[in-house]
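Trainee: mmCIF, C-alpha atoms and all ligand atoms, saved as start-v3.cif, coming up:
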```cif
data_work
#
loop_
_atom_site.group_PDB
_atom_site.id
_atom_site.type_symbol
_atom_site.label_atom_id
_atom_site.label_comp_id
_atom_site.auth_asym_id
_atom_site.auth_seq_id
_atom_site.Cartn_x
_atom_site.Cartn_y
_atom_site.Cartn_z
ATOM 1 C CA MET K 24 -21.470 -6.868 -85.500
ATOM 2 C CA ARG K 25 -18.083 -6.437 -87.168
ATOM 3 C CA ASN K 26 -17.338 -2.753 -86.618
ATOM 4 C CA PRO K 27 -19.664 -1.170 -84.067
ATOM 5 C CA ALA K 28 -19.085 2.601 -83.970
ATOM 6 C CA SER K 29 -21.465 3.586 -81.176
ATOM 7 C CA ILE K 30 -21.193 1.421 -78.065
ATOM 8 C CA LEU K 31 -22.860 1.632 -74.649
ATOM 9 C CA ILE K 32 -21.370 -0.241 -71.678
ATOM 10 C CA THR K 33 -22.655 -0.472 -68.090
ATOM 11 C CA GLY K 34 -20.224 -1.244 -65.276
ATOM 12 C CA ALA K 35 -17.500 0.482 -67.289
ATOM 13 C CA SER K 36 -15.828 1.958 -64.208
ATOM 14 C CA SER K 37 -14.015 -1.243 -63.274
ATOM 15 C CA GLY K 38 -12.860 -4.749 -64.252
ATOM 16 C CA ILE K 39 -14.230 -6.334 -67.431
ATOM 17 C CA GLY K 40 -16.405 -3.322 -68.348
ATOM 18 C CA ALA K 41 -13.436 -0.940 -68.103
ATOM 19 C CA ALA K 42 -11.282 -3.335 -70.142
ATOM 20 C CA LEU K 43 -14.031 -3.568 -72.794
ATOM 21 C CA ALA K 44 -14.311 0.233 -72.997
ATOM 22 C CA ILE K 45 -10.551 0.508 -73.517
ATOM 23 C CA ALA K 46 -10.542 -2.373 -76.031
ATOM 24 C CA TYR K 47 -13.153 -0.606 -78.189
ATOM 25 C CA ALA K 48 -11.725 2.924 -77.760
ATOM 26 C CA ALA K 49 -10.317 4.270 -81.038
ATOM 27 C CA PRO K 50 -10.743 7.296 -83.327
ATOM 28 C CA GLY K 51 -14.233 7.342 -84.840
ATOM 29 C CA ILE K 52 -15.753 5.303 -81.993
ATOM 30 C CA SER K 53 -18.355 6.793 -79.615
ATOM 31 C CA LEU K 54 -18.562 5.272 -76.157
ATOM 32 C CA ALA K 55 -21.391 5.805 -73.660
ATOM 33 C CA LEU K 56 -20.003 4.520 -70.370
ATOM 34 C CA ALA K 57 -21.682 4.165 -66.979
ATOM 35 C CA GLY K 58 -20.820 3.149 -63.451
ATOM 36 C CA ARG K 59 -21.521 4.391 -59.942
ATOM 37 C CA ASP K 60 -18.027 5.347 -58.837
ATOM 38 C CA ARG K 61 -17.262 8.791 -60.304
ATOM 39 C CA GLU K 62 -13.486 8.664 -59.793
ATOM 40 C CA ARG K 63 -12.989 5.233 -61.343
ATOM 41 C CA LEU K 64 -15.259 6.166 -64.236
ATOM 42 C CA LYS K 65 -13.222 9.351 -64.797
ATOM 43 C CA ASP K 66 -10.020 7.307 -65.102
ATOM 44 C CA VAL K 67 -11.571 4.973 -67.680
ATOM 45 C CA ARG K 68 -12.949 7.945 -69.606
ATOM 46 C CA ALA K 69 -9.463 9.502 -69.696
ATOM 47 C CA ALA K 70 -7.924 6.262 -71.016
ATOM 48 C CA CYS K 71 -10.585 6.017 -73.763
ATOM 49 C CA LEU K 72 -10.169 9.689 -74.731
ATOM 50 C CA ALA K 73 -6.396 9.138 -74.939
ATOM 51 C CA ALA K 74 -7.078 6.294 -77.399
ATOM 52 C CA GLY K 75 -9.013 8.759 -79.594
ATOM 53 C CA ALA K 76 -12.617 7.766 -78.822
ATOM 54 C CA GLN K 77 -15.488 10.178 -78.138
ATOM 55 C CA VAL K 78 -16.716 9.439 -74.622
ATOM 56 C CA MET K 79 -19.884 10.234 -72.705
ATOM 57 C CA ALA K 80 -19.385 9.017 -69.117
ATOM 58 C CA THR K 81 -22.383 9.014 -66.782
ATOM 59 C CA VAL K 82 -22.815 8.106 -63.141
ATOM 60 C CA VAL K 83 -26.017 6.082 -62.978
ATOM 61 C CA ASP K 84 -27.252 3.123 -60.949
ATOM 62 C CA VAL K 85 -28.544 0.298 -63.180
ATOM 63 C CA MET K 86 -31.390 -0.218 -60.700
ATOM 64 C CA ASP K 87 -32.745 3.283 -61.416
ATOM 65 C CA ARG K 88 -35.100 2.482 -64.283
ATOM 66 C CA ASP K 89 -36.062 6.071 -65.175
ATOM 67 C CA ARG K 90 -32.509 7.413 -65.153
ATOM 68 C CA MET K 91 -31.278 4.424 -67.152
ATOM 69 C CA GLN K 92 -33.977 5.013 -69.765
ATOM 70 C CA ALA K 93 -33.133 8.729 -70.001
ATOM 71 C CA TRP K 94 -29.377 8.030 -70.268
ATOM 72 C CA ILE K 95 -29.768 5.333 -72.949
ATOM 73 C CA HIS K 96 -32.200 7.444 -75.010
ATOM 74 C CA ASP K 97 -29.755 10.400 -74.795
ATOM 75 C CA ALA K 98 -26.860 8.213 -75.902
ATOM 76 C CA ASP K 99 -28.904 6.842 -78.811
ATOM 77 C CA ARG K 100 -29.974 10.350 -79.868
ATOM 78 C CA SER K 101 -26.412 11.611 -79.820
ATOM 79 C CA ARG K 102 -25.305 8.684 -82.031
ATOM 80 C CA PRO K 103 -27.482 5.644 -82.846
ATOM 81 C CA LEU K 104 -26.270 2.737 -80.733
ATOM 82 C CA ASP K 105 -24.789 -0.220 -82.593
ATOM 83 C CA LEU K 106 -23.876 -2.284 -79.526
ATOM 84 C CA VAL K 107 -25.203 -2.302 -75.956
ATOM 85 C CA ILE K 108 -23.263 -4.307 -73.371
ATOM 86 C CA ALA K 109 -25.206 -4.994 -70.154
ATOM 87 C CA ASN K 110 -22.167 -5.772 -68.034
ATOM 88 C CA ALA K 111 -22.729 -4.239 -64.573
ATOM 89 C CA GLY K 112 -23.145 -6.806 -61.837
ATOM 90 C CA ILE K 113 -22.384 -7.647 -58.223
ATOM 91 C CA SER K 114 -21.706 -10.756 -56.152
ATOM 92 C CA GLY K 115 -21.754 -11.699 -52.474
ATOM 93 C CA GLY K 116 -18.120 -10.647 -52.281
ATOM 94 C CA THR K 117 -18.711 -7.176 -53.760
ATOM 95 C CA ALA K 118 -20.228 -5.857 -50.514
ATOM 96 C CA GLY K 119 -17.956 -7.994 -48.392
ATOM 97 C CA ASP K 120 -20.747 -9.659 -46.411
ATOM 98 C CA GLY K 121 -21.476 -12.720 -48.556
ATOM 99 C CA GLU K 122 -25.047 -13.493 -49.571
ATOM 100 C CA SER K 123 -26.971 -12.070 -46.631
ATOM 101 C CA ASP K 124 -30.715 -11.485 -47.071
ATOM 102 C CA GLU K 125 -30.048 -7.865 -48.142
ATOM 103 C CA GLN K 126 -27.159 -8.701 -50.457
ATOM 104 C CA SER K 127 -29.092 -11.583 -52.093
ATOM 105 C CA ARG K 128 -31.874 -9.123 -52.956
ATOM 106 C CA ARG K 129 -29.353 -6.573 -54.249
ATOM 107 C CA ILE K 130 -27.727 -9.280 -56.408
ATOM 108 C CA PHE K 131 -31.073 -10.174 -58.032
ATOM 109 C CA ASP K 132 -31.897 -6.484 -58.533
ATOM 110 C CA ALA K 133 -28.560 -5.431 -60.021
ATOM 111 C CA ASN K 134 -27.893 -8.565 -62.064
ATOM 112 C CA ILE K 135 -31.415 -9.130 -63.442
ATOM 113 C CA THR K 136 -33.440 -5.903 -63.193
ATOM 114 C CA GLY K 137 -30.266 -3.974 -64.037
ATOM 115 C CA VAL K 138 -29.935 -5.968 -67.264
ATOM 116 C CA LEU K 139 -33.593 -5.306 -68.200
ATOM 117 C CA ASN K 140 -33.090 -1.594 -67.445
ATOM 118 C CA THR K 141 -30.150 -1.612 -69.885
ATOM 119 C CA VAL K 142 -31.505 -3.761 -72.696
ATOM 120 C CA HIS K 143 -35.132 -2.641 -72.964
ATOM 121 C CA PRO K 144 -34.633 1.110 -73.529
ATOM 122 C CA ALA K 145 -32.312 0.343 -76.461
ATOM 123 C CA LEU K 146 -34.659 -2.055 -78.238
ATOM 124 C CA ALA K 147 -37.295 0.278 -79.700
ATOM 125 C CA ALA K 148 -34.758 2.383 -81.601
ATOM 126 C CA MET K 149 -32.824 -0.702 -82.756
ATOM 127 C CA ARG K 150 -36.082 -2.260 -83.992
ATOM 128 C CA ARG K 151 -36.932 0.891 -85.950
ATOM 129 C CA ARG K 152 -33.511 0.816 -87.588
ATOM 130 C CA GLY K 153 -33.688 -2.951 -88.170
ATOM 131 C CA ARG K 154 -30.194 -3.473 -86.735
ATOM 132 C CA GLY K 155 -28.222 -3.486 -83.517
ATOM 133 C CA GLN K 156 -26.487 -5.823 -81.105
ATOM 134 C CA ILE K 157 -27.087 -6.618 -77.441
ATOM 135 C CA ALA K 158 -24.577 -8.380 -75.183
ATOM 136 C CA ILE K 159 -25.602 -9.700 -71.771
ATOM 137 C CA MET K 160 -23.023 -10.528 -69.102
ATOM 138 C CA SER K 161 -23.730 -13.916 -67.551
ATOM 139 C CA SER K 162 -21.076 -16.266 -66.135
ATOM 140 C CA VAL K 163 -19.950 -19.909 -66.181
ATOM 141 C CA ALA K 164 -21.602 -19.915 -62.734
ATOM 142 C CA SER K 165 -24.928 -19.850 -64.630
ATOM 143 C CA PHE K 166 -24.709 -23.513 -65.627
ATOM 144 C CA ARG K 167 -25.126 -25.000 -62.154
ATOM 145 C CA GLY K 168 -26.439 -23.560 -58.884
ATOM 146 C CA MET K 169 -23.352 -22.873 -56.757
ATOM 147 C CA PRO K 170 -23.779 -23.562 -53.005
ATOM 148 C CA GLY K 171 -21.180 -20.849 -52.339
ATOM 149 C CA ALA K 172 -23.161 -18.248 -54.339
ATOM 150 C CA PRO K 173 -26.851 -19.205 -54.680
ATOM 151 C CA ALA K 174 -28.228 -15.752 -55.599
ATOM 152 C CA TYR K 175 -25.298 -14.940 -57.863
ATOM 153 C CA SER K 176 -25.453 -18.193 -59.860
ATOM 154 C CA ALA K 177 -29.271 -17.981 -60.084
ATOM 155 C CA SER K 178 -29.146 -14.361 -61.313
ATOM 156 C CA LYS K 179 -26.602 -15.288 -63.982
ATOM 157 C CA ALA K 180 -28.693 -18.304 -65.068
ATOM 158 C CA ALA K 181 -31.720 -16.010 -65.438
ATOM 159 C CA VAL K 182 -29.970 -13.503 -67.694
ATOM 160 C CA ARG K 183 -28.285 -16.242 -69.745
ATOM 161 C CA THR K 184 -31.614 -17.906 -70.465
ATOM 162 C CA TYR K 185 -33.191 -14.516 -71.132
ATOM 163 C CA GLY K 186 -30.446 -13.593 -73.610
ATOM 164 C CA GLU K 187 -30.610 -16.948 -75.390
ATOM 165 C CA ALA K 188 -34.363 -16.580 -75.812
ATOM 166 C CA LEU K 189 -34.096 -12.921 -76.879
ATOM 167 C CA ARG K 190 -31.633 -13.920 -79.597
ATOM 168 C CA GLY K 191 -34.374 -15.964 -81.260
ATOM 169 C CA ALA K 192 -37.118 -13.469 -80.461
ATOM 170 C CA LEU K 193 -35.256 -10.509 -81.998
ATOM 171 C CA HIS K 194 -33.716 -12.272 -84.996
ATOM 172 C CA ALA K 195 -36.465 -11.166 -87.377
ATOM 173 C CA ASP K 196 -35.976 -7.554 -86.201
ATOM 174 C CA GLY K 197 -32.333 -7.645 -87.300
ATOM 175 C CA ILE K 198 -31.055 -7.417 -83.708
ATOM 176 C CA ALA K 199 -28.266 -9.773 -82.645
ATOM 177 C CA VAL K 200 -28.039 -10.988 -79.034
ATOM 178 C CA SER K 201 -25.072 -12.693 -77.374
ATOM 179 C CA VAL K 202 -24.555 -13.947 -73.838
ATOM 180 C CA ILE K 203 -21.120 -13.787 -72.260
ATOM 181 C CA CYS K 204 -20.065 -16.493 -69.789
ATOM 182 C CA PRO K 205 -16.581 -15.830 -68.446
ATOM 183 C CA GLY K 206 -14.731 -18.061 -65.996
ATOM 184 C CA PHE K 207 -12.539 -16.294 -63.439
ATOM 185 C CA VAL K 208 -11.346 -12.842 -64.537
ATOM 186 C CA ARG K 209 -9.132 -10.591 -62.403
ATOM 187 C CA SER K 210 -11.291 -7.670 -61.151
ATOM 188 C CA ARG K 211 -12.606 -6.060 -57.976
ATOM 189 C CA MET K 212 -15.148 -8.898 -57.841
ATOM 190 C CA THR K 213 -12.599 -11.732 -57.889
ATOM 191 C CA ASP K 214 -10.175 -9.763 -55.662
ATOM 192 C CA ALA K 215 -12.746 -10.484 -52.929
ATOM 193 C CA ASN K 216 -12.402 -14.277 -53.380
ATOM 194 C CA ALA K 217 -10.086 -15.903 -50.854
ATOM 195 C CA PHE K 218 -9.931 -19.266 -52.712
ATOM 196 C CA ARG K 219 -7.752 -20.430 -55.615
ATOM 197 C CA MET K 220 -9.413 -19.594 -58.928
ATOM 198 C CA PRO K 221 -8.554 -21.993 -61.768
ATOM 199 C CA MET K 222 -7.363 -20.343 -65.004
ATOM 200 C CA LEU K 223 -7.805 -16.799 -63.608
ATOM 201 C CA MET K 224 -7.199 -14.385 -66.495
ATOM 202 C CA ASP K 225 -6.589 -10.655 -66.854
ATOM 203 C CA ALA K 226 -9.524 -8.408 -67.752
ATOM 204 C CA ASP K 227 -7.894 -7.110 -70.936
ATOM 205 C CA ARG K 228 -7.469 -10.669 -72.231
ATOM 206 C CA ALA K 229 -11.126 -11.393 -71.406
ATOM 207 C CA ALA K 230 -12.157 -8.169 -73.194
ATOM 208 C CA GLY K 231 -10.290 -9.295 -76.336
ATOM 209 C CA ILE K 232 -12.095 -12.650 -76.339
ATOM 210 C CA ILE K 233 -15.469 -10.950 -75.823
ATOM 211 C CA LYS K 234 -14.830 -8.383 -78.564
ATOM 212 C CA ARG K 235 -13.908 -11.094 -81.079
ATOM 213 C CA GLY K 236 -16.923 -13.193 -80.077
ATOM 214 C CA LEU K 237 -19.273 -10.230 -80.545
ATOM 215 C CA ALA K 238 -17.724 -9.397 -83.942
ATOM 216 C CA ARG K 239 -18.607 -12.970 -84.988
ATOM 217 C CA ASN K 240 -22.081 -12.686 -83.504
ATOM 218 C CA ARG K 241 -21.516 -15.757 -81.310
ATOM 219 C CA ALA K 242 -24.646 -16.772 -79.410
ATOM 220 C CA ARG K 243 -22.625 -17.784 -76.343
ATOM 221 C CA ILE K 244 -19.164 -16.425 -75.602
ATOM 222 C CA ALA K 245 -17.925 -18.791 -72.881
ATOM 223 C CA PHE K 246 -14.274 -19.036 -71.819
ATOM 224 C CA PRO K 247 -11.754 -20.378 -70.950
ATOM 225 C CA TRP K 248 -13.032 -23.586 -72.523
ATOM 226 C CA PRO K 249 -11.873 -26.085 -69.820
ATOM 227 C CA VAL K 250 -13.704 -24.085 -67.127
ATOM 228 C CA TYR K 251 -16.729 -23.714 -69.409
ATOM 229 C CA PHE K 252 -16.746 -27.444 -70.156
ATOM 230 C CA ALA K 253 -16.477 -28.359 -66.444
ATOM 231 C CA ALA K 254 -19.331 -25.967 -65.571
ATOM 232 C CA TRP K 255 -21.501 -27.182 -68.460
ATOM 233 C CA LEU K 256 -20.886 -30.830 -67.486
ATOM 234 C CA ALA K 257 -21.652 -30.103 -63.825
ATOM 235 C CA GLY K 258 -25.000 -28.645 -64.944
ATOM 236 C CA ALA K 259 -25.760 -31.645 -67.167
ATOM 237 C CA LEU K 260 -24.978 -34.348 -64.584
ATOM 238 C CA PRO K 261 -27.608 -35.438 -62.029
ATOM 239 C CA PRO K 262 -27.404 -33.605 -58.660
ATOM 240 C CA ALA K 263 -26.927 -36.962 -56.913
ATOM 241 C CA ILE K 264 -23.479 -37.099 -58.533
ATOM 242 C CA THR K 265 -22.513 -33.426 -58.278
ATOM 243 C CA ASP K 266 -23.971 -32.450 -54.850
ATOM 244 C CA PRO K 267 -21.253 -34.126 -52.733
ATOM 245 C CA LEU K 268 -18.563 -32.424 -54.831
ATOM 246 C CA PHE K 269 -20.180 -28.985 -54.791
ATOM 247 C CA ARG K 270 -20.695 -29.099 -51.021
ATOM 248 C CA ARG K 271 -16.900 -29.074 -50.689
ATOM 249 C CA LEU K 272 -16.320 -25.972 -52.857
ATOM 250 C CA PRO K 273 -15.440 -22.656 -51.134
ATOM 251 C CA ARG K 274 -17.903 -19.783 -50.689
ATOM 252 C CA LYS K 275 -17.800 -16.665 -52.895
HETATM 253 N N1 LIG K 301 -14.619 -11.290 -62.705
HETATM 254 C C1 LIG K 301 -15.105 -12.480 -62.992
HETATM 255 O O1 LIG K 301 -14.457 -13.513 -62.757
HETATM 256 C C2 LIG K 301 -16.455 -12.614 -63.630
HETATM 257 C C3 LIG K 301 -16.826 -13.872 -64.144
HETATM 258 C C4 LIG K 301 -18.077 -14.002 -64.752
HETATM 259 C C5 LIG K 301 -18.912 -12.916 -64.858
HETATM 260 N N2 LIG K 301 -18.540 -11.708 -64.345
HETATM 261 C C6 LIG K 301 -19.463 -10.594 -64.485
HETATM 262 O O2 LIG K 301 -18.810 -9.534 -65.157
HETATM 263 C C7 LIG K 301 -19.451 -8.296 -64.811
HETATM 264 C C8 LIG K 301 -18.390 -7.288 -64.424
HETATM 265 O O3 LIG K 301 -17.791 -7.715 -63.214
HETATM 266 P P1 LIG K 301 -16.242 -7.492 -62.857
HETATM 267 O O4 LIG K 301 -15.662 -8.819 -62.571
HETATM 268 O O5 LIG K 301 -15.620 -6.623 -63.855
HETATM 269 O O6 LIG K 301 -16.410 -6.803 -61.431
HETATM 270 P P2 LIG K 301 -16.139 -5.317 -60.921
HETATM 271 O O7 LIG K 301 -14.724 -4.933 -61.174
HETATM 272 O O8 LIG K 301 -16.655 -5.305 -59.541
HETATM 273 O O9 LIG K 301 -17.063 -4.424 -61.871
HETATM 274 C C9 LIG K 301 -18.446 -4.341 -61.707
HETATM 275 C C10 LIG K 301 -18.938 -3.111 -62.421
HETATM 276 O O10 LIG K 301 -20.361 -3.064 -62.302
HETATM 277 C C11 LIG K 301 -20.725 -1.796 -61.777
HETATM 278 N N3 LIG K 301 -21.929 -1.881 -60.971
HETATM 279 C C12 LIG K 301 -22.221 -2.749 -59.985
HETATM 280 N N4 LIG K 301 -23.446 -2.503 -59.488
HETATM 281 C C13 LIG K 301 -23.929 -1.452 -60.173
HETATM 282 C C14 LIG K 301 -25.130 -0.713 -60.096
HETATM 283 N N5 LIG K 301 -26.098 -1.013 -59.220
HETATM 284 N N6 LIG K 301 -25.295 0.324 -60.965
HETATM 285 C C15 LIG K 301 -24.336 0.625 -61.847
HETATM 286 N N7 LIG K 301 -23.167 -0.015 -61.953
HETATM 287 C C16 LIG K 301 -22.981 -1.039 -61.123
HETATM 288 C C17 LIG K 301 -19.540 -1.369 -60.936
HETATM 289 O O11 LIG K 301 -19.610 0.032 -60.731
HETATM 290 P P3 LIG K 301 -18.822 0.759 -59.497
HETATM 291 O O12 LIG K 301 -17.572 1.287 -60.101
HETATM 292 O O13 LIG K 301 -19.700 1.808 -59.062
HETATM 293 O O14 LIG K 301 -18.566 -0.271 -58.464
HETATM 294 C C18 LIG K 301 -18.403 -1.822 -61.818
HETATM 295 O O15 LIG K 301 -18.167 -0.903 -62.849
HETATM 296 C C19 LIG K 301 -20.438 -8.629 -63.697
HETATM 297 O O16 LIG K 301 -21.736 -8.751 -64.230
HETATM 298 C C20 LIG K 301 -19.948 -9.983 -63.187
HETATM 299 O O17 LIG K 301 -20.966 -10.717 -62.590
HETATM 300 C C21 LIG K 301 -17.334 -11.520 -63.739
#
```
Mind turning the file's structure into structure tokens?
Ligand SMILES: NC(=O)c1ccc[n+]([C@@H]2O[C@H](COP(=O)([O-])OP(=O)(O)OC[C@H]3O[C@@H](n4cnc5c(N)ncnc54)[C@H](OP(=O)(O)O)[C@@H]3O)[C@@H](O)[C@H]2O)c1
Mentor:
Amino acid sequence: MRNPASILITGASSGIGAALAIAYAAPGISLALAGRDRERLKDVRAACLAAGAQVMATVVDVMDRDRMQAWIHDADRSRPLDLVIANAGISGGTAGDGESDEQSRRIFDANITGVLNTVHPALAAMRRRGRGQIAIMSSVASFRGMPGAPAYSASKAAVRTYGEALRGALHADGIAVSVICPGFVRSRMTDANAFRMPMLMDADRAAGIIKRGLARNRARIAFPWPVYFAAWLAGALPPAITDPLFRRLPRK
């Protein structure tokens, strides 16, 4: 959608979500922002207000289905949502203990159920209006199971496939769907990685690329292209070729 005026973003308290909120903030724009960390969310709200946007900032866990539904319906009532960005997500590094049994379950819950809890409550109203746009945060890690991050890469593959299918399923309803597949972006999530990250980019640069991709209604917004191409190729090649290489990669 070229000029969305009412935008909802989860995971807006940090990293890519915060950078997206600030990238969209301008006079005449309404932002419904969510995160769990009240202080960080307050700072992002202040930056968006300073840019002239109207901001509704809410502390809500994406895993809380009822509260997510109530928050999204409220936001839509206060101004019909043009764009919903399901961005919140976690990795093994977010909790600092890698992909333990508990953290693997949390990753699937936050990154998959959290996306459903964001997307589904917005759909009925968008369908009624016959317009709207949904953006789902996946990753280049979705193209090939990563031995260093099995739950994370699997969760991102699930939401990428879901988004790609939804795009076709919702086309006749006038609702656009895009999936976002970033490479390495500087954020609290990548701050936890101890290994060298090729083509690591700043969150505000990533937000600019995502915003332009959404304005063009791109089905898949994947960047930077060399990292995307390498990940795509790794997913296309037979495991017999890629397994020995992937076994040597560092853990998330
Ligand atoms: N950085 C990268 O290189 C990269 C690459 C590809 C994809 N991604 C994806 O981009 C998205 C944003 O990540 P980021 O890199 O910006 O990391 P980040 O700085 O850690 O931001 C994650 C955001 O998600 C929120 N969040 C996490 N779990 C939540 C929950 N249960 N309920 C509500 N909010 C929750 C966090 O809220 P709190 O403030 O409460 O922590 C925070 O605002 C994630 O989906 C991630 O998988 C990141």
Trainee: Would you pick out the contacts of Ala195 (chain K) at 10 Å or less, using all atoms listed in the file, so that residues sharing its chain but fewer than 4 positions from it are not included, and give the list as a list of chain:residue names?
Mentor: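 The filter keeps K:Arg150, K:Gly153, K:Arg154, K:Arg190, K:Gly191, K:Ala199.
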Trainee: Counting all atoms listed in the file, figure out which residue out of K:Ala133, K:Ile233, K:Met220, K:Ala148 gets nearest to Thr117 (chain K).
Mentor: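 The answer is K:Ala133, which sits nearest to Thr117 (chain K).
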Trainee: Closest to Asn216 (chain K) among K:Gln92, K:Ser127, K:Asn240, K:Ser114, using all atoms listed in the file?
Mentor: K:Ser114
Trainee: Axis-aligned box over every listed atom of ligand LIG 301 (chain K), padded by 6 Å per side: centre and edges in Å to one decimal, as AutoDock Vina command-line options?
Mentor:
```
--center_x -20.3 --center_y -6.1 --center_z -61.8 --size_x 23.6 --size_y 27.8 --size_z 18.7
```
Trainee: Of the candidates K:Lys65, K:Arg270, K:Val208, K:Ala164, which shows the shortest atom-to-atom distance to Phe252 (chain K), using only C-alpha atoms?
Mentor: K:Ala164
Trainee: Considering only C-alpha atoms, state which residue in the set K:Ser53, K:Thr213, K:Ser29, K:Ser201 is at the smallest distance from Gly75 (chain K).
Mentor: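 Looking only at the distances to Gly75 (chain K), the closest residue turns out to be K:Ser53.
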Trainee: Please, which residues in chain K fall within 7 Å of ligand LIG 301 (chain K) when counting only C-alpha atoms and all ligand atoms, and what is the closest atom pair and distance in Å to one decimal for each, ordered by chain then residue number, as CSV?
Mentor:
```
residue,atom,partner,partner_atom,distance
K:Thr33,CA,K:LIG301,N7,6.2
K:Gly34,CA,K:LIG301,O15,3.2
K:Ala35,CA,K:LIG301,O15,4.7
K:Ser36,CA,K:LIG301,O15,3.9
K:Ser37,CA,K:LIG301,O15,4.2
K:Gly38,CA,K:LIG301,O5,3.4
K:Ile39,CA,K:LIG301,O5,3.8
K:Gly40,CA,K:LIG301,O5,5.6
K:Ala57,CA,K:LIG301,N7,6.7
K:Gly58,CA,K:LIG301,N7,4.2
K:Arg59,CA,K:LIG301,O13,3.3
K:Asp60,CA,K:LIG301,O13,3.9
K:Arg63,CA,K:LIG301,O12,6.2
K:Leu64,CA,K:LIG301,O12,6.8
K:Val83,CA,K:LIG301,C15,5.8
K:Asp84,CA,K:LIG301,N6,3.4
K:Val85,CA,K:LIG301,N6,3.9
K:Met86,CA,K:LIG301,N5,5.6
K:Asn110,CA,K:LIG301,O16,4.9
K:Ala111,CA,K:LIG301,O10,3.5
K:Gly112,CA,K:LIG301,O16,3.4
K:Ile113,CA,K:LIG301,C12,5.2
K:Ser114,CA,K:LIG301,O17,6.5
K:Thr117,CA,K:LIG301,O8,6.4
K:Ala133,CA,K:LIG301,N5,5.1
K:Asn134,CA,K:LIG301,O16,6.5
K:Met160,CA,K:LIG301,O16,5.3
K:Ser161,CA,K:LIG301,C5,5.6
K:Ser162,CA,K:LIG301,C4,4.0
K:Val163,CA,K:LIG301,C4,6.4
K:Cys204,CA,K:LIG301,C4,6.0
K:Pro205,CA,K:LIG301,C4,4.4
K:Gly206,CA,K:LIG301,C3,5.0
K:Phe207,CA,K:LIG301,O1,3.4
K:Val208,CA,K:LIG301,O1,3.6
K:Arg209,CA,K:LIG301,N1,5.5
K:Ser210,CA,K:LIG301,O7,4.4
K:Arg211,CA,K:LIG301,O7,4.0
K:Met212,CA,K:LIG301,O8,4.3
K:Thr213,CA,K:LIG301,N1,5.2
```
Trainee: Find the residues near Ala46 (chain K): any atom within 8 Å, counting all atoms listed in the file, skip ones fewer than 5 places away on the same chain, and give them as a list in words.
Mentor: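 Once the adjacent positions are removed, what remains is Asp227, Ala230, Gly231 and Lys234 of chain K.
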Trainee: Distance CA of Gly121 (chain K)-CA of Ala254 (chain K), one decimal place?
Mentor: 21.7 Å
Trainee: Which residues, written as a ChimeraX atom specification, have at least one atom at most 10 Å from Leu72 (chain K), with only C-alpha atoms counted and residues fewer than 3 positions away on the same chain left out?
Mentor: /K:45,48-50,53-54,66-69,75-79
Trainee: To one decimal in Å, tell me the separation between CA of Ile232 (chain K) and CA of Glu187 (chain K).
Mentor: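 Answer for the CA of Ile232 (chain K) to CA of Glu187 (chain K) separation: 19.0 Å.
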Trainee: Do you know which residues the PyMOL selection byres (((chain K and resi 25) around 9) and not hetatm) returns on this file, as a compact mmCIF listing (two decimals) with C-alpha atoms, in the coordinates of the input?
Mentor:
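And here's selection-v2.txt as it stands now:
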```txt
# COMPACT_ATOMS: atom_id res chain seq x y z
CA MET K 24 -21.47 -6.87 -85.50
CA ASN K 26 -17.34 -2.75 -86.62
CA PRO K 27 -19.66 -1.17 -84.07
CA ARG K 235 -13.91 -11.09 -81.08
CA LEU K 237 -19.27 -10.23 -80.54
CA ALA K 238 -17.72 -9.40 -83.94
CA ARG K 239 -18.61 -12.97 -84.99
CA ASN K 240 -22.08 -12.69 -83.50
```
Trainee: Given the PyMOL selection byres (((chain K and resi 202) around 9) and not hetatm) and the file above, list the residues it selects as a PyMOL selection string.
Mentor: chain K and resi 157-162+182-184+186-187+200-201+203-204+241-245
Trainee: Provide the CA of Thr136 (chain K) to CA of Lys179 (chain K) distance in Å, to one decimal place.
Mentor: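 Atom-to-atom, CA of Thr136 (chain K) to CA of Lys179 (chain K), that is 11.6 Å.
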Trainee: Can you pull out the residues contacting Asp87 (chain K)? Cut-off 12 Å, using all atoms listed in the file, and skip same-chain residues under 6 positions away; I want them as a ChimeraX atom specification.
Mentor: /K:59,93-94,132-133,136-141
Trainee: Mind listing as an MDAnalysis selection string all residues within 9 Å of (-25.7, 7.3, -80.8), counting only C-alpha atoms?
Mentor: chainID K and resid 28:31 53:55 96:105
Trainee: Pull N, CA and C atoms for region 106-111 of chain K from the block and write them as a compact mmCIF listing (two decimals), in the first residue's frame.
Mentor:
```txt
# COMPACT_ATOMS: atom_id res chain seq x y z
N LEU K 106 -2.35 -1.06 7.63
CA LEU K 106 -1.17 -1.95 7.57
C LEU K 106 -0.91 -2.55 8.95
N VAL K 107 -0.78 -3.86 8.99
CA VAL K 107 -0.45 -4.57 10.24
C VAL K 107 0.88 -5.28 10.03
N ILE K 108 1.86 -4.98 10.87
CA ILE K 108 3.18 -5.60 10.74
C ILE K 108 3.41 -6.53 11.94
N ALA K 109 3.38 -7.83 11.67
CA ALA K 109 3.61 -8.84 12.72
C ALA K 109 5.11 -9.06 12.80
N ASN K 110 5.75 -8.27 13.65
CA ASN K 110 7.22 -8.23 13.67
C ASN K 110 7.83 -8.90 14.90
N ALA K 111 7.11 -8.91 16.03
CA ALA K 111 7.70 -9.41 17.28
C ALA K 111 8.23 -10.83 17.10
```
